[in-house]
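S.K.: So that you have it, the file is model19.txt, and it contains compact mmCIF, C-alpha atoms and all ligand atoms:
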```txt
# COMPACT_ATOMS: atom_id res chain seq x y z
CA MET A 233 0.14 -6.76 -25.20
CA ARG A 234 -1.88 -8.32 -22.43
CA LEU A 235 -0.41 -8.49 -18.94
CA ARG A 236 -2.25 -10.07 -16.03
CA ILE A 237 -1.39 -9.27 -12.43
CA LEU A 238 -1.55 -12.67 -10.75
CA GLY A 239 -0.37 -11.36 -7.39
CA SER A 240 0.03 -7.77 -6.24
CA ALA A 241 1.49 -8.08 -2.71
CA ALA A 242 5.09 -7.91 -1.55
CA GLY A 243 6.79 -10.87 0.10
CA GLY A 244 4.48 -12.38 2.73
CA GLY A 245 1.25 -11.43 0.96
CA VAL A 246 -1.77 -9.65 2.40
CA PRO A 247 -2.57 -10.59 5.10
CA GLN A 248 0.84 -11.82 6.22
CA TRP A 249 0.72 -14.99 8.35
CA ASN A 250 2.36 -13.42 11.42
CA CYS A 251 1.00 -9.89 11.26
CA ALA A 252 -1.86 -8.21 13.10
CA CYS A 253 -1.31 -4.69 11.76
CA ALA A 254 -4.52 -2.79 10.94
CA ASN A 255 -4.28 -3.72 7.25
CA CYS A 256 -3.81 -7.43 7.92
CA VAL A 257 -6.69 -7.44 10.42
CA ALA A 258 -8.89 -5.69 7.83
CA ALA A 259 -7.78 -8.14 5.12
CA ARG A 260 -8.92 -11.04 7.35
CA SER A 261 -12.33 -9.43 7.94
CA PRO A 262 -15.14 -9.50 5.39
CA ASP A 263 -15.61 -5.70 5.32
CA GLY A 264 -13.61 -5.34 2.09
CA ARG A 265 -11.63 -2.28 3.20
CA VAL A 266 -8.36 -4.09 2.45
CA ARG A 267 -8.49 -6.83 -0.15
CA PRO A 268 -6.34 -9.93 0.36
CA ARG A 269 -3.53 -10.26 -2.16
CA THR A 270 -1.08 -12.96 -3.19
CA GLN A 271 2.62 -12.31 -3.74
CA ASP A 272 4.10 -10.46 -6.71
CA GLY A 273 3.62 -12.27 -9.99
CA LEU A 274 2.57 -11.42 -13.53
CA ALA A 275 1.60 -13.33 -16.64
CA LEU A 276 2.29 -11.95 -20.11
CA GLU A 277 0.42 -13.34 -23.10
CA VAL A 278 3.13 -13.79 -25.73
CA ALA A 279 1.01 -15.44 -28.43
CA PRO A 280 -2.66 -16.45 -28.45
CA GLY A 281 -3.00 -18.91 -25.56
CA ALA A 282 0.74 -18.85 -24.65
CA TRP A 283 2.06 -17.14 -21.55
CA PHE A 284 5.28 -16.27 -19.75
CA LEU A 285 5.21 -15.84 -16.01
CA ILE A 286 7.14 -12.82 -14.78
CA GLN A 287 8.47 -13.62 -11.29
CA CYS A 288 7.38 -16.90 -9.74
CA SER A 289 6.01 -16.37 -6.26
CA PRO A 290 5.41 -18.98 -3.56
CA ASP A 291 1.70 -18.49 -4.39
CA VAL A 292 2.10 -19.54 -8.03
CA HIS A 293 0.09 -22.74 -7.59
CA ALA A 294 -2.95 -20.80 -6.34
CA GLN A 295 -2.35 -18.07 -8.92
CA ILE A 296 -2.46 -20.60 -11.77
CA ARG A 297 -5.62 -22.14 -10.28
CA ALA A 298 -7.24 -18.70 -10.05
CA PHE A 299 -6.68 -17.94 -13.74
CA PRO A 300 -8.22 -20.64 -15.99
CA GLU A 301 -6.29 -19.45 -19.05
CA LEU A 302 -3.15 -20.91 -17.44
CA ALA A 303 -4.72 -24.37 -17.06
CA PRO A 304 -3.31 -27.23 -19.16
CA ARG A 305 -5.52 -28.10 -22.12
CA GLU A 306 -4.50 -31.70 -22.72
CA GLY A 307 -2.06 -34.12 -21.14
CA ARG A 308 0.79 -32.06 -19.76
CA GLY A 309 0.22 -29.26 -22.27
CA THR A 310 0.66 -26.19 -20.10
CA PRO A 311 0.19 -22.82 -21.81
CA ILE A 312 3.09 -21.51 -19.68
CA ALA A 313 6.07 -21.25 -22.02
CA GLY A 314 8.55 -20.02 -19.42
CA VAL A 315 9.39 -17.72 -16.56
CA VAL A 316 11.21 -14.37 -16.53
CA LEU A 317 12.92 -13.29 -13.30
CA GLY A 318 13.80 -9.72 -12.32
CA ASN A 319 15.76 -10.70 -9.21
CA GLY A 320 16.42 -13.70 -7.00
CA ASP A 321 14.36 -12.70 -3.96
CA LEU A 322 12.47 -15.61 -2.49
CA ASP A 323 9.08 -14.02 -3.19
CA HIS A 324 10.07 -14.05 -6.89
CA VAL A 325 11.60 -17.51 -7.17
CA LEU A 326 10.20 -19.95 -4.61
CA GLY A 327 7.30 -20.80 -6.92
CA LEU A 328 9.75 -22.40 -9.36
CA PHE A 329 9.93 -25.36 -6.99
CA SER A 330 6.15 -25.74 -7.34
CA LEU A 331 6.64 -26.16 -11.10
CA ARG A 332 8.93 -29.16 -10.76
CA GLU A 333 6.59 -31.82 -12.15
CA SER A 334 8.73 -32.70 -15.15
CA THR A 335 7.73 -30.19 -17.79
CA PRO A 336 10.74 -28.60 -19.51
CA LEU A 337 10.90 -25.04 -18.23
CA THR A 338 12.60 -22.03 -19.79
CA ILE A 339 13.90 -19.53 -17.24
CA VAL A 340 15.00 -16.10 -18.48
CA ALA A 341 17.26 -14.31 -15.99
CA THR A 342 20.57 -12.50 -15.61
CA ASP A 343 23.61 -14.59 -14.85
CA SER A 344 23.74 -13.29 -11.29
CA VAL A 345 20.10 -14.24 -10.65
CA ARG A 346 20.76 -17.68 -12.17
CA ARG A 347 23.79 -18.22 -9.95
CA ALA A 348 21.83 -17.17 -6.86
CA LEU A 349 19.42 -20.02 -7.58
CA VAL A 350 21.75 -22.73 -8.79
CA ASP A 351 25.09 -22.33 -6.99
CA ARG A 352 25.39 -24.37 -3.82
CA ASN A 353 21.64 -24.89 -3.77
CA ALA A 354 20.89 -28.60 -3.57
CA MET A 355 17.15 -27.97 -3.90
CA PHE A 356 17.55 -26.53 -7.37
CA ARG A 357 18.55 -29.99 -8.58
CA THR A 358 14.85 -30.85 -8.43
CA LEU A 359 14.52 -28.72 -11.57
CA GLU A 360 17.32 -30.70 -13.25
CA ARG A 361 15.64 -34.10 -13.19
CA PHE A 362 16.40 -34.87 -16.83
CA GLU A 363 18.40 -33.44 -19.70
CA GLY A 364 16.64 -30.26 -20.84
CA HIS A 365 14.39 -29.95 -17.78
CA THR A 366 15.50 -26.37 -17.17
CA ARG A 367 16.63 -24.27 -20.10
CA TRP A 368 18.28 -21.00 -19.11
CA ARG A 369 18.25 -17.94 -21.32
CA THR A 370 20.53 -15.14 -20.18
CA LEU A 371 19.35 -11.58 -19.76
CA VAL A 372 22.28 -9.28 -20.60
CA LEU A 373 21.99 -5.69 -19.39
CA GLY A 374 20.75 -3.40 -22.16
CA GLU A 375 20.33 -6.20 -24.70
CA PRO A 376 16.89 -7.20 -26.00
CA ILE A 377 16.05 -10.91 -25.95
CA GLU A 378 13.07 -12.24 -27.90
CA LEU A 379 10.68 -14.51 -26.04
CA GLU A 380 10.04 -17.86 -27.71
CA THR A 381 7.45 -20.59 -27.35
CA SER A 382 7.59 -24.11 -28.78
CA ALA A 383 5.95 -22.58 -31.87
CA GLY A 384 8.88 -20.17 -32.36
CA PRO A 385 9.65 -16.48 -31.81
CA THR A 386 6.87 -14.27 -30.50
CA GLY A 387 7.87 -10.79 -31.66
CA ILE A 388 8.01 -9.72 -28.00
CA THR A 389 11.38 -8.67 -26.62
CA ILE A 390 12.56 -8.01 -23.10
CA THR A 391 15.44 -5.65 -22.38
CA PRO A 392 16.78 -5.64 -18.80
CA TYR A 393 18.23 -2.49 -17.27
CA PRO A 394 19.74 -2.28 -13.78
CA ILE A 395 17.62 -0.70 -11.08
CA PRO A 396 18.93 0.03 -7.57
CA GLY A 397 18.37 -3.16 -5.62
CA LYS A 398 20.15 -5.69 -3.49
CA VAL A 399 21.24 -9.31 -3.45
CA PRO A 400 18.61 -11.69 -2.09
CA LYS A 401 18.46 -11.47 1.69
CA HIS A 402 19.79 -15.01 2.23
CA LEU A 403 22.92 -14.21 0.17
CA GLU A 404 23.84 -10.94 1.89
CA GLY A 405 27.52 -10.99 2.84
CA THR A 406 28.23 -14.10 0.78
CA VAL A 407 28.32 -12.74 -2.77
CA THR A 408 29.63 -9.58 -4.43
CA PRO A 409 26.72 -7.30 -5.35
CA SER A 410 26.24 -6.77 -9.08
CA PRO A 411 24.08 -4.47 -11.25
CA GLU A 412 22.53 -7.71 -12.53
CA ASP A 413 21.06 -8.53 -9.10
CA ASN A 414 17.93 -6.48 -9.72
CA VAL A 415 16.74 -5.54 -13.17
CA GLY A 416 13.72 -3.76 -14.57
CA LEU A 417 12.15 -5.33 -17.64
CA TRP A 418 11.39 -3.24 -20.73
CA ILE A 419 8.90 -5.38 -22.68
CA ARG A 420 8.18 -4.43 -26.28
CA ASP A 421 6.09 -5.65 -29.14
CA ALA A 422 5.62 -3.89 -32.47
CA ARG A 423 3.14 -1.44 -30.98
CA SER A 424 3.80 -0.85 -27.30
CA LEU A 425 6.17 -0.82 -24.35
CA ILE A 426 5.49 -2.07 -20.83
CA VAL A 427 8.05 -1.46 -18.08
CA ILE A 428 8.18 -3.69 -15.00
CA ALA A 429 10.05 -2.01 -12.15
CA THR A 430 8.41 -3.70 -9.20
CA ALA A 431 11.57 -3.79 -7.10
CA ALA A 432 13.08 -0.31 -7.33
CA GLY A 433 15.39 0.85 -4.59
CA GLY A 434 15.53 4.48 -5.62
CA PRO A 435 15.93 7.00 -8.43
CA GLY A 436 18.55 6.59 -11.13
CA GLU A 437 19.36 6.45 -14.78
CA TRP A 438 16.58 3.89 -15.33
CA MET A 439 13.99 6.64 -14.90
CA ASN A 440 15.17 8.30 -18.12
CA ARG A 441 14.13 5.18 -20.00
CA LEU A 442 10.46 5.43 -19.00
CA ASP A 443 9.62 7.98 -21.70
CA GLY A 444 7.31 6.46 -24.28
CA ALA A 445 6.16 3.60 -22.07
CA ASP A 446 2.47 2.75 -22.46
CA ALA A 447 2.34 1.11 -19.03
CA VAL A 448 4.68 1.26 -16.04
CA LEU A 449 4.45 -1.11 -13.08
CA LEU A 450 6.32 0.40 -10.16
CA ASP A 451 7.51 -0.80 -6.76
CA GLY A 452 4.61 -0.10 -4.39
CA THR A 453 6.11 -1.78 -1.31
CA PHE A 454 6.10 1.01 1.28
CA TRP A 455 4.36 4.39 1.35
CA THR A 456 6.97 5.98 3.62
CA SER A 457 10.53 5.24 4.61
CA ASN A 458 9.79 4.48 8.27
CA GLU A 459 6.53 2.57 7.83
CA LEU A 460 7.67 -0.60 9.62
CA VAL A 461 9.40 1.34 12.39
CA ARG A 462 6.40 3.58 13.04
CA LEU A 463 4.07 0.59 13.30
CA GLY A 464 6.48 -1.15 15.67
CA LEU A 465 6.79 -4.05 13.22
CA GLY A 466 10.47 -3.82 12.33
CA THR A 467 13.64 -1.76 12.43
CA ALA A 468 14.44 -1.48 8.71
CA ARG A 469 13.63 1.57 6.65
CA ALA A 470 12.26 1.09 3.14
CA GLU A 471 15.64 2.08 1.68
CA ASP A 472 17.44 -0.52 3.81
CA MET A 473 15.35 -3.12 1.99
CA ALA A 474 15.97 -1.49 -1.42
CA HIS A 475 12.46 -0.12 -1.80
CA TRP A 476 11.87 3.50 -2.79
CA PRO A 477 9.02 4.92 -0.68
CA VAL A 478 5.99 5.41 -2.92
CA CYS A 479 5.27 8.95 -1.71
CA GLU A 480 8.75 10.00 -2.90
CA ALA A 481 8.72 7.95 -6.09
CA ILE A 482 5.42 9.31 -7.41
CA ALA A 483 6.59 12.87 -6.74
CA ALA A 484 9.85 12.21 -8.61
CA LEU A 485 7.87 10.67 -11.49
CA ALA A 486 5.24 13.41 -11.63
CA SER A 487 5.96 14.09 -15.31
CA LEU A 488 5.63 10.44 -16.36
CA ARG A 489 3.11 10.30 -19.21
CA ALA A 490 2.38 6.55 -19.41
CA ARG A 491 -1.29 5.78 -20.03
CA LYS A 492 -1.32 3.15 -17.31
CA LYS A 493 0.69 3.63 -14.09
CA VAL A 494 0.37 0.83 -11.56
CA LEU A 495 1.80 0.33 -8.07
CA THR A 496 2.35 -3.31 -7.24
CA HIS A 497 4.40 -5.57 -4.90
CA VAL A 498 2.51 -3.73 -2.14
CA ASN A 499 3.52 -4.54 1.43
CA ASN A 500 0.85 -5.55 3.93
CA THR A 501 1.61 -2.41 5.98
CA ASN A 502 1.16 0.07 3.12
CA PRO A 503 -1.78 2.49 3.69
CA ILE A 504 -2.48 2.63 -0.07
CA LEU A 505 -4.18 -0.74 0.40
CA VAL A 506 -7.03 0.89 2.33
CA GLU A 507 -10.05 1.57 0.10
CA GLY A 508 -11.10 5.16 0.70
CA GLY A 509 -7.87 6.01 2.54
CA ASP A 510 -5.97 9.29 2.16
CA GLU A 511 -2.75 7.77 0.83
CA ARG A 512 -4.62 5.76 -1.77
CA ALA A 513 -6.42 8.95 -2.82
CA ALA A 514 -3.05 10.73 -3.11
CA ALA A 515 -1.70 7.96 -5.32
CA HIS A 516 -4.84 8.12 -7.50
CA ALA A 517 -4.59 11.91 -7.74
CA ALA A 518 -1.05 11.45 -9.09
CA GLY A 519 -2.41 9.08 -11.74
CA TRP A 520 -1.38 5.78 -10.13
CA THR A 521 -3.61 2.72 -9.76
CA VAL A 522 -3.05 0.33 -6.85
CA ALA A 523 -2.75 -3.19 -8.26
CA GLU A 524 -5.08 -5.99 -7.31
CA ASP A 525 -4.86 -9.67 -8.06
CA GLY A 526 -6.59 -10.36 -11.37
CA MET A 527 -6.16 -6.86 -12.80
CA GLU A 528 -5.17 -6.76 -16.47
CA ILE A 529 -3.21 -4.25 -18.50
CA VAL A 530 -3.81 -4.22 -22.22
CA THR A 531 -1.68 -2.01 -24.45
C1 LIG A 601 11.84 -7.66 -0.79
O1 LIG A 601 11.11 -7.34 -1.74
O2 LIG A 601 12.37 -6.81 -0.08
C2 LIG A 601 12.10 -9.10 -0.58
O3 LIG A 601 11.09 -9.86 -1.14
C3 LIG A 601 12.30 -9.41 0.86
C4 LIG A 601 12.48 -10.89 1.09
O4 LIG A 601 12.93 -11.62 0.21
O5 LIG A 601 12.13 -11.34 2.18
MN MN A 602 9.88 -8.75 -2.63
ZN ZN A 603 0.24 -6.61 8.54
```
Let me see the file written as structure tokens.
Ligand code: MLT
Ligand code: MN
Ligand code: ZN

M.R.:
Amino acid sequence: MRLRILGSAAGGGVPQWNCACANCVAARSPDGRVRPRTQDGLALEVAPGAWFLIQCSPDVHAQIRAFPELAPREGRGTPIAGVVLGNGDLDHVLGLFSLRESTPLTIVATDSVRRALVDRNAMFRTLERFEGHTRWRTLVLGEPIELETSAGPTGITITPYPIPGKVPKHLEGTVTPSPEDNVGLWIRDARSLIVIATAAGGPGEWMNRLDGADAVLLDGTFWTSNELVRLGLGTARAEDMAHWPVCEAIAALASLRARKKVLTHVNNTNPILVEGGDERAAAHAAGWTVAEDGMEIVT
């Protein structure tokens, strides 16, 4: 399989518009110590020249522009066959509204993620402009679903498993949390397995399912629990935001044998962004690569 990292930053991107932390300052300077990154998004090639987006960030317009293989070839003939969502956080769904220009769109998501987008959300009606504009396919926990293009089935399945997470921030206190709120994606073809766990709030049963994966993409949001507090940029710990600190996660996953281990959805404050930095070196020593926009994983 071929997976392209369109965007490797957490919500807000790198640099973040309202942040003057050392990383964001470095990302605005030309010295290259911290590379700018767009928000979490992936593209999976499901058949020659056909792609599914995985997550749909507010940067999707620029991400499509930056990757010519996603450009339409004739008329409105986009090579994007659909979008898969792992949760309903705004950094994973806002880009859907940038794809509203009247091409039928397949969205693959759990029922709880679908409801978070559609229920009581007048804006979502912009993706229901005509019969068949949005076609939902439901991810059911533990059940494989085969991705399809207009040419038919692709031989690639996605199986969602619950990962500790949270309801989207704007729905906190208004909906009952569900294991379907945040899912990891186990993506298989005949030869290989890629696991996308880019929002992972902590350890759990899901870790037992990583054996045999060829590539694992893991939540790289924060290096430590108190990163925002220590920098004076916030009061929440990583765990409060359902992100497992990377320094703990890579220790817990020390025996993971995947050929490719990638940290992505990296927050602007995370020291692993600094080229030549100690934390980045520690992640590398543990076998993890820090994602960059445009990186590809081929299994
Ligand atoms: C997160 O990953 O914690 C969310 O993207 C936060 C948010 O939606 O603002
Ligand atoms: Mn996020
Ligand atoms: Zn910053």

S.K.: Hey, which residues come within 9 Å of ligand MN 602 (chain A) if we count all atoms listed in the file? Could you give them as a PyMOL selection string?

M.R.: chain A and resi 241-244+271-272+321-324+430-431+453+497-499

S.K.: Rank A:Ala298, A:Leu276, A:Ala282, A:Leu337 by their smallest atom-to-atom distance to A:Trp368, using all atoms listed in the file, and report the top residue only.

M.R.: A:Leu337

S.K.: Please enclose the listed atoms of stretch 327-344 of chain A in an axis-aligned box, pad each side by 4 Å, and write out the centre and the three edge lengths in Å, rounded to one decimal, as JSON.

M.R.:
```
{"center_x": 14.9, "center_y": -22.6, "center_z": -13.4, "size_x": 25.6, "size_y": 28.2, "size_z": 20.9}
```

S.K.: How close does chain A get to ligand ZN 603 (chain A)? List, as CSV, each residue of chain A within 7 Å, its nearest atom pair and the distance in Å to one decimal, counting all atoms listed in the file.

M.R.:
```
residue,atom,partner,partner_atom,distance
A:Pro247,CA,A:ZN603,ZN,6.0
A:Gln248,CA,A:ZN603,ZN,5.7
A:Cys251,CA,A:ZN603,ZN,4.3
A:Ala252,CA,A:ZN603,ZN,5.3
A:Cys253,CA,A:ZN603,ZN,4.1
A:Ala254,CA,A:ZN603,ZN,6.6
A:Asn255,CA,A:ZN603,ZN,5.5
A:Cys256,CA,A:ZN603,ZN,4.2
A:Asn500,CA,A:ZN603,ZN,4.8
A:Thr501,CA,A:ZN603,ZN,5.1
```

S.K.: So which residues touch A:Ser344 within 6 Å, counting all atoms listed in the file, skipping near sequence neighbours fewer than 2 positions away, as number ranges by chain?

M.R.: A: 342, 346-347, 412-413

S.K.: Please, what distance in Å, to one decimal, runs between atom CA of A:Leu403 and atom CA of A:Thr366?

M.R.: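 If I compute the distance from atom CA of A:Leu403 to atom CA of A:Thr366, I get 22.4 Å.
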
S.K.: Just the number, please: distance in Å from atom CA of A:Val340 to atom CA of A:Thr389, one decimal.

M.R.: 11.6 Å

S.K.: Of the residues A:Glu375, A:Asp443, A:Asp291, A:Glu363, which is the one nearest to A:Ser487, using only C-alpha atoms?

M.R.: A:Asp443

S.K.: Ranking A:Trp455, A:Trp418, A:Trp520, A:Phe299 by minimum distance to A:Leu238 and counting all atoms listed in the file, which one comes first?

M.R.: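 Once distances to A:Leu238 are computed over all atoms listed in the file, the minimum belongs to A:Phe299.
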
S.K.: Interatomic distance between atom CA of A:Gly281 and atom CA of A:Pro311?

M.R.: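 Computed distance, atom CA of A:Gly281 to atom CA of A:Pro311, equals 6.3 Å.
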
S.K.: Given all atoms listed in the file as the basis, pick out the residue of A:Val407, A:Cys479, A:Ala279, A:Ile529 nearest to A:His516.

M.R.: A:Cys479

S.K.: Would you mind telling me which residue in A:Pro396, A:Pro262, A:Gly309, A:Pro268 lies nearest to A:Glu524 when using only C-alpha atoms?

M.R.: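 Distance minimum relative to A:Glu524 lands on A:Pro268.
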
S.K.: For ligand LIG 601 (chain A), which of A:Ser330, A:Ser289, A:Ser261, A:Thr456 is the closest residue, counting only C-alpha atoms and all ligand atoms?

M.R.: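 Closest residue, counting only C-alpha atoms and all ligand atoms: A:Ser289.
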
S.K.: Please list, as a PDB file with C-alpha atoms, in the frame of the given file, the residues that have an atom at most 10 Å away from (-6.7, -8.8, -16.4) in the coordinates of this file, counting only C-alpha atoms.

M.R.:
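result_20.pdb was written with the following content:
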```pdb
ATOM      1  CA  ARG A 234      -1.880  -8.320 -22.430  1.00  0.00           C
ATOM      2  CA  LEU A 235      -0.410  -8.490 -18.940  1.00  0.00           C
ATOM      3  CA  ARG A 236      -2.250 -10.070 -16.030  1.00  0.00           C
ATOM      4  CA  ILE A 237      -1.390  -9.270 -12.430  1.00  0.00           C
ATOM      5  CA  LEU A 238      -1.550 -12.670 -10.750  1.00  0.00           C
ATOM      6  CA  ALA A 275       1.600 -13.330 -16.640  1.00  0.00           C
ATOM      7  CA  PHE A 299      -6.680 -17.940 -13.740  1.00  0.00           C
ATOM      8  CA  GLU A 524      -5.080  -5.990  -7.310  1.00  0.00           C
ATOM      9  CA  ASP A 525      -4.860  -9.670  -8.060  1.00  0.00           C
ATOM     10  CA  GLY A 526      -6.590 -10.360 -11.370  1.00  0.00           C
ATOM     11  CA  MET A 527      -6.160  -6.860 -12.800  1.00  0.00           C
ATOM     12  CA  GLU A 528      -5.170  -6.760 -16.470  1.00  0.00           C
ATOM     13  CA  ILE A 529      -3.210  -4.250 -18.500  1.00  0.00           C
ATOM     14  CA  VAL A 530      -3.810  -4.220 -22.220  1.00  0.00           C
TER      15      VAL A 530
END
```

S.K.: At a cut-off of 6 Å from (1.7, 0.1, -14.9) in the coordinates of the file, what residues are picked up using all atoms listed in the file, written as a PyMOL selection string?

M.R.: chain A and resi 447-449+492-494
